[in-house]
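Next comes run-v7.csv, a file with CSV, C-alpha atoms.
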chain,number,residue,atom,x,y,z
A,1,MET,CA,-81.5,-47.6,9.7
A,2,PHE,CA,-80.6,-44.0,10.7
A,3,ALA,CA,-79.3,-43.5,7.1
A,4,ASP,CA,-76.4,-45.8,8.0
A,5,ARG,CA,-75.0,-42.8,9.9
A,6,TYR,CA,-73.3,-44.9,12.6
A,7,LYS,CA,-71.8,-47.6,10.4
A,8,ASN,CA,-68.1,-47.8,10.8
A,9,LYS,CA,-68.2,-44.6,13.0
A,10,LYS,CA,-66.5,-44.4,16.4
A,11,VAL,CA,-69.2,-43.8,19.0
A,12,LEU,CA,-68.4,-43.1,22.7
A,13,VAL,CA,-71.1,-44.0,25.2
A,14,THR,CA,-70.8,-42.9,28.9
A,15,GLY,CA,-72.7,-45.0,31.3
A,16,HIS,CA,-72.6,-47.9,28.8
A,17,THR,CA,-72.7,-50.5,31.7
A,18,GLY,CA,-76.1,-49.2,32.9
A,19,PHE,CA,-79.5,-50.3,31.7
A,20,LYS,CA,-80.1,-47.8,28.9
A,21,GLY,CA,-76.4,-47.7,28.1
A,22,THR,CA,-76.3,-51.4,27.6
A,23,TRP,CA,-79.3,-51.4,25.2
A,24,LEU,CA,-77.8,-48.5,23.3
A,25,THR,CA,-74.4,-50.2,23.0
A,26,ALA,CA,-76.0,-53.4,21.7
A,27,TRP,CA,-78.0,-51.4,19.2
A,28,LEU,CA,-75.0,-49.5,18.0
A,29,LEU,CA,-73.0,-52.7,17.5
A,30,LYS,CA,-75.9,-54.0,15.4
A,31,LEU,CA,-75.7,-50.8,13.4
A,32,GLY,CA,-72.0,-51.4,12.6
A,33,ALA,CA,-70.5,-48.8,15.0
A,34,ASN,CA,-67.2,-49.1,16.7
A,35,VAL,CA,-68.2,-48.5,20.3
A,36,VAL,CA,-66.1,-47.1,23.1
A,37,GLY,CA,-67.6,-47.2,26.6
A,38,VAL,CA,-66.8,-45.2,29.7
A,39,SER,CA,-68.3,-46.2,33.1
A,40,LYS,CA,-67.0,-46.1,36.6
A,41,ASP,CA,-68.3,-49.6,37.5
A,42,ILE,CA,-70.8,-52.4,36.8
A,43,PRO,CA,-73.7,-50.9,38.7
A,44,THR,CA,-75.9,-53.9,39.4
A,45,VAL,CA,-75.8,-57.6,40.1
A,46,PRO,CA,-77.0,-59.2,37.9
A,47,SER,CA,-75.8,-56.9,35.1
A,48,MET,CA,-77.2,-56.8,31.6
A,49,PHE,CA,-73.8,-55.6,30.4
A,50,GLN,CA,-72.1,-58.7,31.8
A,51,GLU,CA,-74.9,-61.0,30.7
A,52,LEU,CA,-74.5,-59.8,27.1
A,53,GLU,CA,-70.7,-60.1,27.4
A,54,LEU,CA,-70.3,-56.6,25.9
A,55,GLU,CA,-66.9,-56.0,27.4
A,56,ASN,CA,-65.5,-58.5,24.8
A,57,LYS,CA,-67.3,-56.6,21.9
A,58,ILE,CA,-66.3,-53.0,22.5
A,59,LYS,CA,-63.4,-50.9,23.9
A,60,HIS,CA,-64.2,-50.6,27.6
A,61,TYR,CA,-62.9,-47.9,30.0
A,62,GLN,CA,-63.6,-48.2,33.7
A,63,GLU,CA,-63.3,-44.6,34.7
A,64,ASP,CA,-65.3,-42.0,36.6
A,65,ILE,CA,-66.8,-39.1,34.7
A,66,ARG,CA,-66.0,-36.9,37.7
A,67,ASP,CA,-62.3,-37.3,36.9
A,68,LEU,CA,-61.7,-34.4,34.5
A,69,SER,CA,-58.1,-35.4,33.6
A,70,LYS,CA,-59.2,-38.9,32.6
A,71,MET,CA,-62.2,-37.7,30.6
A,72,THR,CA,-60.0,-35.2,28.7
A,73,GLU,CA,-57.4,-37.9,28.0
A,74,ILE,CA,-60.0,-40.3,26.7
A,75,LEU,CA,-61.8,-37.8,24.5
A,76,SER,CA,-58.6,-36.4,23.1
A,77,ASN,CA,-57.2,-39.9,22.4
A,78,GLU,CA,-60.3,-41.6,21.1
A,79,ARG,CA,-61.7,-38.6,19.1
A,80,PRO,CA,-65.2,-40.2,18.6
A,81,ASP,CA,-67.4,-39.2,15.8
A,82,PHE,CA,-70.4,-39.4,18.1
A,83,LEU,CA,-70.8,-39.2,21.9
A,84,PHE,CA,-73.9,-40.2,23.9
A,85,HIS,CA,-73.6,-39.1,27.5
A,86,LEU,CA,-75.8,-41.3,29.7
A,87,ALA,CA,-73.6,-41.7,32.8
A,88,ALA,CA,-75.4,-40.5,35.9
A,89,GLN,CA,-76.6,-41.4,39.4
A,90,PRO,CA,-80.1,-42.4,38.2
A,91,ILE,CA,-82.0,-43.5,41.4
A,92,VAL,CA,-84.3,-41.0,43.1
A,93,SER,CA,-84.1,-42.8,46.5
A,94,THR,CA,-80.3,-42.7,46.4
A,95,SER,CA,-80.5,-38.9,46.0
A,96,TYR,CA,-82.0,-38.8,49.5
A,97,THR,CA,-79.4,-41.0,51.1
A,98,ASP,CA,-76.4,-39.6,49.2
A,99,PRO,CA,-77.3,-36.1,47.8
A,100,ILE,CA,-73.6,-35.2,47.2
A,101,GLU,CA,-73.0,-38.3,45.1
A,102,THR,CA,-76.0,-37.4,43.1
A,103,ILE,CA,-75.0,-33.8,42.5
A,104,SER,CA,-71.4,-34.5,41.8
A,105,SER,CA,-72.3,-37.2,39.3
A,106,ASN,CA,-75.1,-35.5,37.5
A,107,VAL,CA,-73.9,-31.9,37.6
A,108,MET,CA,-70.1,-32.0,37.7
A,109,GLY,CA,-69.9,-35.3,35.7
A,110,THR,CA,-71.8,-33.6,32.9
A,111,ALA,CA,-69.6,-30.5,33.2
A,112,HIS,CA,-66.5,-32.7,32.8
A,113,ILE,CA,-67.8,-34.3,29.7
A,114,LEU,CA,-68.5,-30.9,28.2
A,115,GLU,CA,-65.2,-29.5,29.3
A,116,ALA,CA,-63.4,-32.6,27.8
A,117,LEU,CA,-65.2,-32.0,24.5
A,118,LYS,CA,-64.3,-28.3,24.6
A,119,ILE,CA,-60.6,-29.2,25.1
A,120,SER,CA,-60.5,-31.9,22.4
A,121,ASN,CA,-62.5,-29.8,20.0
A,122,HIS,CA,-62.4,-32.5,17.3
A,123,PRO,CA,-65.4,-32.9,15.0
A,124,CYS,CA,-68.0,-34.6,17.2
A,125,THR,CA,-71.8,-34.9,17.4
A,126,ALA,CA,-72.7,-35.1,21.1
A,127,ILE,CA,-76.1,-36.1,22.5
A,128,ILE,CA,-76.4,-35.2,26.2
A,129,ILE,CA,-79.1,-37.2,28.0
A,130,THR,CA,-80.8,-35.7,31.0
A,131,SER,CA,-84.3,-36.7,32.2
A,132,ASP,CA,-87.9,-35.7,32.3
A,133,LYS,CA,-87.2,-35.0,36.0
A,134,ALA,CA,-85.3,-31.9,34.9
A,135,TYR,CA,-88.6,-30.1,34.6
A,136,ASP,CA,-90.1,-28.3,37.6
A,137,ASN,CA,-93.0,-30.8,38.0
A,138,VAL,CA,-96.2,-29.1,39.2
A,139,GLU,CA,-98.2,-32.2,38.1
A,140,GLN,CA,-100.0,-30.5,35.2
A,141,VAL,CA,-102.2,-32.7,33.1
A,142,TRP,CA,-100.6,-31.6,29.8
A,143,GLY,CA,-97.1,-32.6,28.9
A,144,TYR,CA,-94.0,-30.5,29.6
A,145,LYS,CA,-92.5,-28.8,26.6
A,146,GLU,CA,-88.8,-28.2,26.1
A,147,ASP,CA,-88.9,-24.5,27.1
A,148,ASP,CA,-90.8,-25.2,30.4
A,149,LYS,CA,-89.2,-24.3,33.7
A,150,MET,CA,-86.3,-26.5,34.9
A,151,GLY,CA,-85.7,-27.7,38.4
A,152,GLY,CA,-87.6,-29.6,41.1
A,153,LYS,CA,-88.5,-30.2,44.7
A,154,ASP,CA,-86.1,-33.1,45.3
A,155,ILE,CA,-82.3,-33.5,45.0
A,156,TYR,CA,-82.5,-35.8,42.0
A,157,SER,CA,-84.7,-33.4,40.0
A,158,GLY,CA,-82.5,-30.5,41.1
A,159,SER,CA,-79.4,-32.2,39.9
A,160,LYS,CA,-80.9,-32.8,36.5
A,161,GLY,CA,-82.2,-29.2,36.2
A,162,ALA,CA,-78.8,-28.0,37.2
A,163,ALA,CA,-77.1,-30.2,34.6
A,164,GLU,CA,-79.4,-28.6,32.0
A,165,LEU,CA,-78.2,-25.1,33.0
A,166,ILE,CA,-74.6,-26.2,32.7
A,167,ILE,CA,-75.2,-27.7,29.2
A,168,LYS,CA,-76.9,-24.5,28.1
A,169,SER,CA,-74.1,-22.3,29.4
A,170,TYR,CA,-71.4,-24.4,27.8
A,171,TYR,CA,-73.3,-24.3,24.5
A,172,HIS,CA,-73.6,-20.5,24.5
A,173,SER,CA,-70.1,-19.9,25.9
A,174,PHE,CA,-68.1,-22.3,23.8
A,175,PHE,CA,-69.9,-24.6,21.4
A,176,LYS,CA,-72.1,-22.0,19.6
A,177,SER,CA,-68.9,-20.3,18.3
A,178,GLU,CA,-67.7,-21.0,14.7
A,179,LYS,CA,-64.4,-22.0,16.2
A,180,SER,CA,-66.0,-25.0,17.9
A,181,ASN,CA,-66.1,-28.4,16.1
A,182,ILE,CA,-68.6,-29.8,18.6
A,183,LYS,CA,-72.3,-30.1,17.7
A,184,LEU,CA,-74.5,-30.7,20.7
A,185,ALA,CA,-78.2,-31.5,21.5
A,186,ILE,CA,-80.1,-32.7,24.6
A,187,GLY,CA,-82.4,-35.7,24.9
A,188,ARG,CA,-85.0,-36.0,27.7
A,189,ALA,CA,-87.1,-39.1,28.6
A,190,GLY,CA,-88.4,-40.9,31.6
A,191,ASN,CA,-90.1,-43.9,33.1
A,192,VAL,CA,-88.3,-46.3,30.8
A,193,ILE,CA,-88.8,-50.0,31.3
A,194,GLY,CA,-87.5,-53.1,29.5
A,195,GLY,CA,-85.6,-56.3,30.0
A,196,GLY,CA,-82.2,-56.2,31.7
A,197,ASP,CA,-82.8,-53.5,34.3
A,198,TRP,CA,-81.8,-54.4,37.8
A,199,ALA,CA,-81.4,-51.0,39.4
A,200,GLN,CA,-82.7,-50.6,43.0
A,201,ASP,CA,-86.1,-49.2,43.9
A,202,ARG,CA,-87.6,-49.6,40.5
A,203,ILE,CA,-91.0,-51.3,40.5
A,204,VAL,CA,-90.6,-53.5,37.4
A,205,VAL,CA,-87.2,-54.7,38.7
A,206,ASP,CA,-88.6,-55.4,42.1
A,207,CYS,CA,-91.4,-57.5,40.5
A,208,MET,CA,-89.2,-59.5,38.3
A,209,ILE,CA,-86.8,-60.4,41.1
A,210,ALA,CA,-89.7,-61.3,43.4
A,211,TRP,CA,-91.6,-63.3,40.8
A,212,SER,CA,-88.5,-65.2,39.7
A,213,LYS,CA,-88.4,-66.5,43.3
A,214,GLY,CA,-92.1,-67.1,43.5
A,215,GLU,CA,-92.6,-64.3,45.9
A,216,LYS,CA,-95.1,-61.4,46.1
A,217,VAL,CA,-93.9,-57.8,45.8
A,218,GLU,CA,-95.0,-54.8,47.8
A,219,ILE,CA,-95.9,-51.6,45.9
A,220,ARG,CA,-96.2,-48.2,47.6
A,221,SER,CA,-97.9,-46.0,45.0
A,222,PRO,CA,-100.5,-48.1,43.2
A,223,HIS,CA,-102.4,-45.1,41.8
A,224,ALA,CA,-99.3,-43.2,40.6
A,225,THR,CA,-99.7,-42.7,36.8
A,226,ARG,CA,-96.7,-42.9,34.5
A,227,PRO,CA,-96.3,-42.7,30.7
A,228,TRP,CA,-94.6,-46.1,30.5
A,229,GLN,CA,-92.3,-46.7,27.5
A,230,HIS,CA,-89.9,-49.4,26.4
A,231,VAL,CA,-86.3,-48.5,26.5
A,232,LEU,CA,-85.9,-48.8,22.7
A,233,GLU,CA,-88.4,-45.9,22.2
A,234,PRO,CA,-86.2,-43.0,23.6
A,235,LEU,CA,-83.1,-44.7,22.3
A,236,SER,CA,-84.5,-44.5,18.8
A,237,GLY,CA,-85.0,-40.8,19.5
A,238,TYR,CA,-81.4,-40.3,20.7
A,239,LEU,CA,-80.0,-42.2,17.7
A,240,HIS,CA,-82.2,-40.3,15.3
A,241,LEU,CA,-81.3,-37.0,16.9
A,242,GLY,CA,-77.6,-37.8,16.6
A,243,ALA,CA,-78.0,-38.8,12.9
A,244,GLN,CA,-79.9,-35.7,12.1
A,245,LEU,CA,-77.7,-33.3,14.1
A,246,TYR,CA,-74.6,-34.8,12.3
A,247,GLN,CA,-75.9,-33.3,9.0
A,248,ASN,CA,-78.1,-30.4,10.2
A,249,ASN,CA,-76.5,-27.5,12.1
A,250,ALA,CA,-80.0,-26.0,12.8
A,251,LEU,CA,-80.4,-28.6,15.5
A,252,HIS,CA,-77.3,-27.5,17.3
A,253,GLY,CA,-78.0,-26.5,20.9
A,254,GLU,CA,-81.6,-27.8,20.9
A,255,ALA,CA,-83.4,-30.0,23.4
A,256,PHE,CA,-85.9,-32.7,22.6
A,257,ASN,CA,-88.4,-34.8,24.6
A,258,PHE,CA,-88.9,-38.4,23.7
A,259,GLY,CA,-92.0,-40.0,25.2
A,260,PRO,CA,-94.6,-42.7,24.5
A,261,ARG,CA,-97.9,-42.5,22.9
A,262,ALA,CA,-100.5,-40.5,24.7
A,263,GLU,CA,-102.6,-43.5,25.6
A,264,GLN,CA,-99.7,-45.1,27.5
A,265,ASN,CA,-100.5,-43.4,30.8
A,266,HIS,CA,-101.4,-46.2,33.2
A,267,THR,CA,-101.3,-46.7,36.9
A,268,VAL,CA,-98.6,-48.7,38.6
A,269,LYS,CA,-101.3,-51.2,39.6
A,270,GLN,CA,-102.4,-51.7,36.0
A,271,LEU,CA,-98.8,-52.1,34.9
A,272,LEU,CA,-98.2,-54.9,37.4
A,273,GLU,CA,-101.4,-56.7,36.6
A,274,ASP,CA,-100.5,-56.8,32.9
A,275,LEU,CA,-96.9,-57.8,33.6
A,276,SER,CA,-98.0,-60.6,35.9
A,277,HIS,CA,-100.0,-62.3,33.2
A,278,TYR,CA,-96.7,-63.2,31.4
A,279,TRP,CA,-95.6,-64.9,34.6
A,280,HIS,CA,-98.8,-67.0,34.7
A,281,PHE,CA,-100.3,-65.6,37.8
A,282,GLN,CA,-104.0,-66.5,38.0
A,283,GLN,CA,-104.8,-63.5,40.2
A,284,SER,CA,-103.0,-60.2,40.8
A,285,ASN,CA,-103.3,-60.8,44.6
A,286,ASP,CA,-100.8,-63.6,44.2
A,287,ALA,CA,-98.3,-61.2,42.5
A,288,PHE,CA,-98.3,-58.1,44.7
A,289,THR,CA,-99.7,-56.4,47.8
A,290,VAL,CA,-100.2,-52.7,48.3
A,291,THR,CA,-98.6,-50.6,51.0
A,292,ASP,CA,-98.8,-46.8,51.5
A,293,ASN,CA,-95.3,-46.3,53.0
A,294,ILE,CA,-93.8,-43.6,50.8
A,295,PRO,CA,-90.5,-42.4,52.5
A,296,PHE,CA,-89.8,-39.6,50.0
A,297,HIS,CA,-91.5,-37.2,47.6
A,298,GLU,CA,-92.8,-38.9,44.5
A,299,ALA,CA,-94.8,-37.1,41.8
A,300,GLY,CA,-98.2,-38.5,41.0
A,301,LEU,CA,-98.1,-37.4,37.3
A,302,LEU,CA,-95.3,-36.5,35.0
A,303,LYS,CA,-95.4,-36.7,31.2
A,304,LEU,CA,-93.8,-35.0,28.2
A,305,ASN,CA,-95.0,-33.1,25.2
A,306,CYS,CA,-93.1,-34.5,22.2
A,307,ASP,CA,-94.5,-32.2,19.5
A,308,LYS,CA,-91.0,-30.7,18.9
A,309,ALA,CA,-89.5,-34.0,18.1
A,310,LEU,CA,-92.4,-34.8,15.7
A,311,PHE,CA,-92.1,-31.4,14.0
A,312,HIS,CA,-88.3,-31.1,13.6
A,313,LEU,CA,-87.2,-34.8,13.5
A,314,GLN,CA,-90.4,-36.5,12.3
A,315,TRP,CA,-89.9,-38.8,15.3
A,316,GLN,CA,-92.8,-40.4,17.2
A,317,ALA,CA,-93.1,-43.4,19.4
A,318,THR,CA,-93.8,-46.8,17.9
A,319,MET,CA,-94.9,-49.2,20.5
A,320,HIS,CA,-98.4,-49.6,21.9
A,321,TYR,CA,-98.7,-50.3,25.7
A,322,ALA,CA,-99.4,-54.0,25.1
A,323,GLN,CA,-96.2,-54.4,23.1
A,324,THR,CA,-94.2,-52.6,25.8
A,325,ILE,CA,-95.5,-55.1,28.4
A,326,LYS,CA,-94.8,-58.1,26.1
A,327,PHE,CA,-91.2,-57.1,25.3
A,328,THR,CA,-90.4,-56.4,28.9
A,329,SER,CA,-92.0,-59.5,30.4
A,330,GLU,CA,-90.6,-61.9,27.7
A,331,TRP,CA,-87.0,-60.7,28.2
A,332,TYR,CA,-87.0,-61.3,31.9
A,333,TYR,CA,-88.9,-64.6,31.6
A,334,ASP,CA,-86.3,-65.9,29.1
A,335,PHE,CA,-83.6,-64.8,31.5
A,336,TYR,CA,-85.0,-66.3,34.7
A,337,ARG,CA,-86.9,-69.3,33.3
A,338,ASN,CA,-85.5,-70.3,29.9
A,339,ASN,CA,-81.7,-69.7,30.5
A,340,SER,CA,-81.6,-68.1,27.0
A,341,ASN,CA,-78.6,-66.4,25.3
A,342,MET,CA,-79.5,-62.9,26.3
A,343,TYR,CA,-77.3,-61.2,23.7
A,344,GLN,CA,-79.2,-63.0,21.0
A,345,LYS,CA,-82.5,-62.2,22.8
A,346,THR,CA,-81.7,-58.5,23.0
A,347,ILE,CA,-80.6,-58.3,19.3
A,348,HIS,CA,-83.8,-60.2,18.4
A,349,GLN,CA,-86.0,-57.7,20.3
A,350,ILE,CA,-84.1,-54.8,18.6
A,351,ARG,CA,-84.8,-56.4,15.2
A,352,GLU,CA,-88.5,-56.8,16.2
A,353,TYR,CA,-88.7,-53.2,17.2
A,354,GLU,CA,-87.0,-52.0,13.9
A,355,ALA,CA,-89.5,-54.1,11.9
A,356,LEU,CA,-92.4,-52.6,13.9
A,357,ALA,CA,-91.1,-49.1,13.3
A,358,LYS,CA,-90.7,-49.8,9.6
A,359,GLU,CA,-94.2,-51.1,9.4
A,360,ASN,CA,-95.3,-47.8,10.9
A,361,ASN,CA,-93.2,-45.7,8.5
A,362,ARG,CA,-91.0,-44.2,11.2
A,363,SER,CA,-88.6,-41.7,9.6
A,364,TRP,CA,-85.4,-43.2,11.2
A,365,THR,CA,-85.9,-46.6,9.6
A,366,GLU,CA,-84.6,-45.4,6.2

The structure in this file should be written as structure tokens.
Amino acid sequence: MFADRYKNKKVLVTGHTGFKGTWLTAWLLKLGANVVGVSKDIPTVPSMFQELELENKIKHYQEDIRDLSKMTEILSNERPDFLFHLAAQPIVSTSYTDPIETISSNVMGTAHILEALKISNHPCTAIIITSDKAYDNVEQVWGYKEDDKMGGKDIYSGSKGAAELIIKSYYHSFFKSEKSNIKLAIGRAGNVIGGGDWAQDRIVVDCMIAWSKGEKVEIRSPHATRPWQHVLEPLSGYLHLGAQLYQNNALHGEAFNFGPRAEQNHTVKQLLEDLSHYWHFQQSNDAFTVTDNIPFHEAGLLKLNCDKALFHLQWQATMHYAQTIKFTSEWYYDFYRNNSNMYQKTIHQIREYEALAKENNRSWTE
């Protein structure tokens, strides 16, 4: 997988205790990488990171990316071969209650990682993850391309758009130079679901917690359409981008979208109906009720155009919608109902996904 590019390499992951970071850390361990993680805390209870007991399997730093001196010290001492920057304030609703926290984490935190890389200047391939929310969303029916306008109407989107400008300016000011040993690229994705997410104000999380207690869940935007994708889909894109950038300087400074198949646009209501089947609800009315109380701006439509990733990386999504639902529901059901070993379950799902990708001749499976 990924041309064995990560085997025996030191890989630093910021935000490794979060949902996507935990899945990425587990996958990197399976690929034979030596993982170093940097996160300021364990962000949720329960925590997938703790359930998988990853602190015992990696080198774990509990530090805040907004501490420039600490980031510089860690980067200079560890000198990772690869860096995946995922640490961020990821919740839209939190950006309304605490905009400064959101801006400082997503903008200054990213700037500190870039500055620490600049100071260390050891050979390192860095993939900086932002979000589909970085685009100025005018709810167009076609997907956003990498050169579309950045920014947004809400604080969260603005913080991601601002982070993109900082990354671009660091690239042109410092990393584009022949004196720099840093190679950098940007990954963008959104609406990721999968087992092990317990972040607040996420519809799948709310459902799984409620259903595990035998309760209904309230949904506020039943007709909002999202291009749902399993967490392993964009992670395969990030890992493939890192592996390709490692050997191909032409990708240096580029940004790539990683999104699901075009047919995976479904409403929130459809998503919940399909998830509820795996929890043995006879009728969807038993699983959720609809309210129309939306306390902050939410886009009705947001999707990405991934042609650039297909053309330059030969990357494309693997899972169909039904497989995304199956993987997500089964992980949570095993956690809440079967008391399973969730590290083994997670690695098993990664193996299943790799096999599925290989069947579909995905380029990164070599």

Atom CA of A:Trp331 to atom CA of A:Gly195: how many Å, to one decimal?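 So the answer is 5.0 Å.
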
Measuring between only C-alpha atoms, which one of A:Thr17, A:Ser212, A:Ser76, A:Gln247 shows the shortest distance to A:Glu115?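 Residue with the minimum atom-to-atom distance to A:Glu115: A:Ser76.
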
Neighbours of A:His122 within 10 Å (only C-alpha atoms; same-chain residues fewer than 6 positions away dropped), as a ChimeraX atom specification? /A:75-76,79-81,180-182

Which protein, DNA or RNA residues have an atom at most 6 Å from (-92.6, -55.5, 36.0), counting all atoms listed in the file? List them as a PyMOL selection string. chain A and resi 204+207-208+272+275

Quick one: everything within 12 Å of A:Tyr332, counting only C-alpha atoms, minus sequence neighbours fewer than 2 positions away in the same chain. Send it as number ranges by chain. A: 46, 48, 193-198, 204-212, 275-276, 278-279, 325-330, 334-342, 345-346

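Proximity ranking of A:Met150, A:Ile129, A:Ile100, A:Val13 relative to A:Tyr61 places A:Val13 first, based on only C-alpha atoms.
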
Could you tell me how far atom CA of A:Arg351 sits from atom CA of A:Ser236, in Å to one decimal place?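 Between atom CA of A:Ser236 and atom CA of A:Arg351 the gap works out to 12.4 Å.
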
Restricting the calculation to all atoms listed in the file: of A:Leu24, A:Ala185, A:Ala250, A:Ala224, which residue gets closest to A:Gln270?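 That would be A:Ala224, the residue with the smallest distance to A:Gln270.
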
Place N, CA and C atoms on stretch 146-158 of chain A and deliver the coordinates as a compact mmCIF listing (two decimals), in the coordinates of the input.
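File produced: selection-v2.txt:
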# COMPACT_ATOMS: atom_id res chain seq x y z
N GLU A 146 -90.23 -28.39 25.89
CA GLU A 146 -88.80 -28.20 26.10
C GLU A 146 -88.42 -26.86 26.67
N ASP A 147 -89.27 -25.86 26.54
CA ASP A 147 -88.90 -24.50 27.10
C ASP A 147 -89.64 -24.28 28.43
N ASP A 148 -90.22 -25.32 29.05
CA ASP A 148 -90.80 -25.20 30.40
C ASP A 148 -89.70 -25.04 31.43
N LYS A 149 -90.10 -24.59 32.61
CA LYS A 149 -89.20 -24.30 33.70
C LYS A 149 -88.41 -25.55 34.15
N MET A 150 -87.10 -25.42 34.35
CA MET A 150 -86.30 -26.50 34.90
C MET A 150 -86.25 -26.48 36.39
N GLY A 151 -85.89 -27.63 36.99
CA GLY A 151 -85.70 -27.70 38.40
C GLY A 151 -86.74 -28.61 39.08
N GLY A 152 -86.66 -28.75 40.40
CA GLY A 152 -87.60 -29.60 41.10
C GLY A 152 -87.50 -29.53 42.58
N LYS A 153 -88.38 -30.25 43.27
CA LYS A 153 -88.50 -30.20 44.70
C LYS A 153 -87.50 -31.13 45.42
N ASP A 154 -86.98 -32.10 44.71
CA ASP A 154 -86.10 -33.10 45.30
C ASP A 154 -84.70 -32.99 44.72
N ILE A 155 -83.74 -33.62 45.38
CA ILE A 155 -82.30 -33.50 45.00
C ILE A 155 -82.11 -34.08 43.58
N TYR A 156 -82.72 -35.21 43.28
CA TYR A 156 -82.50 -35.80 42.00
C TYR A 156 -82.99 -34.85 40.85
N SER A 157 -84.19 -34.33 40.99
CA SER A 157 -84.70 -33.40 40.00
C SER A 157 -83.85 -32.14 39.92
N GLY A 158 -83.42 -31.65 41.08
CA GLY A 158 -82.50 -30.50 41.10
C GLY A 158 -81.24 -30.72 40.39
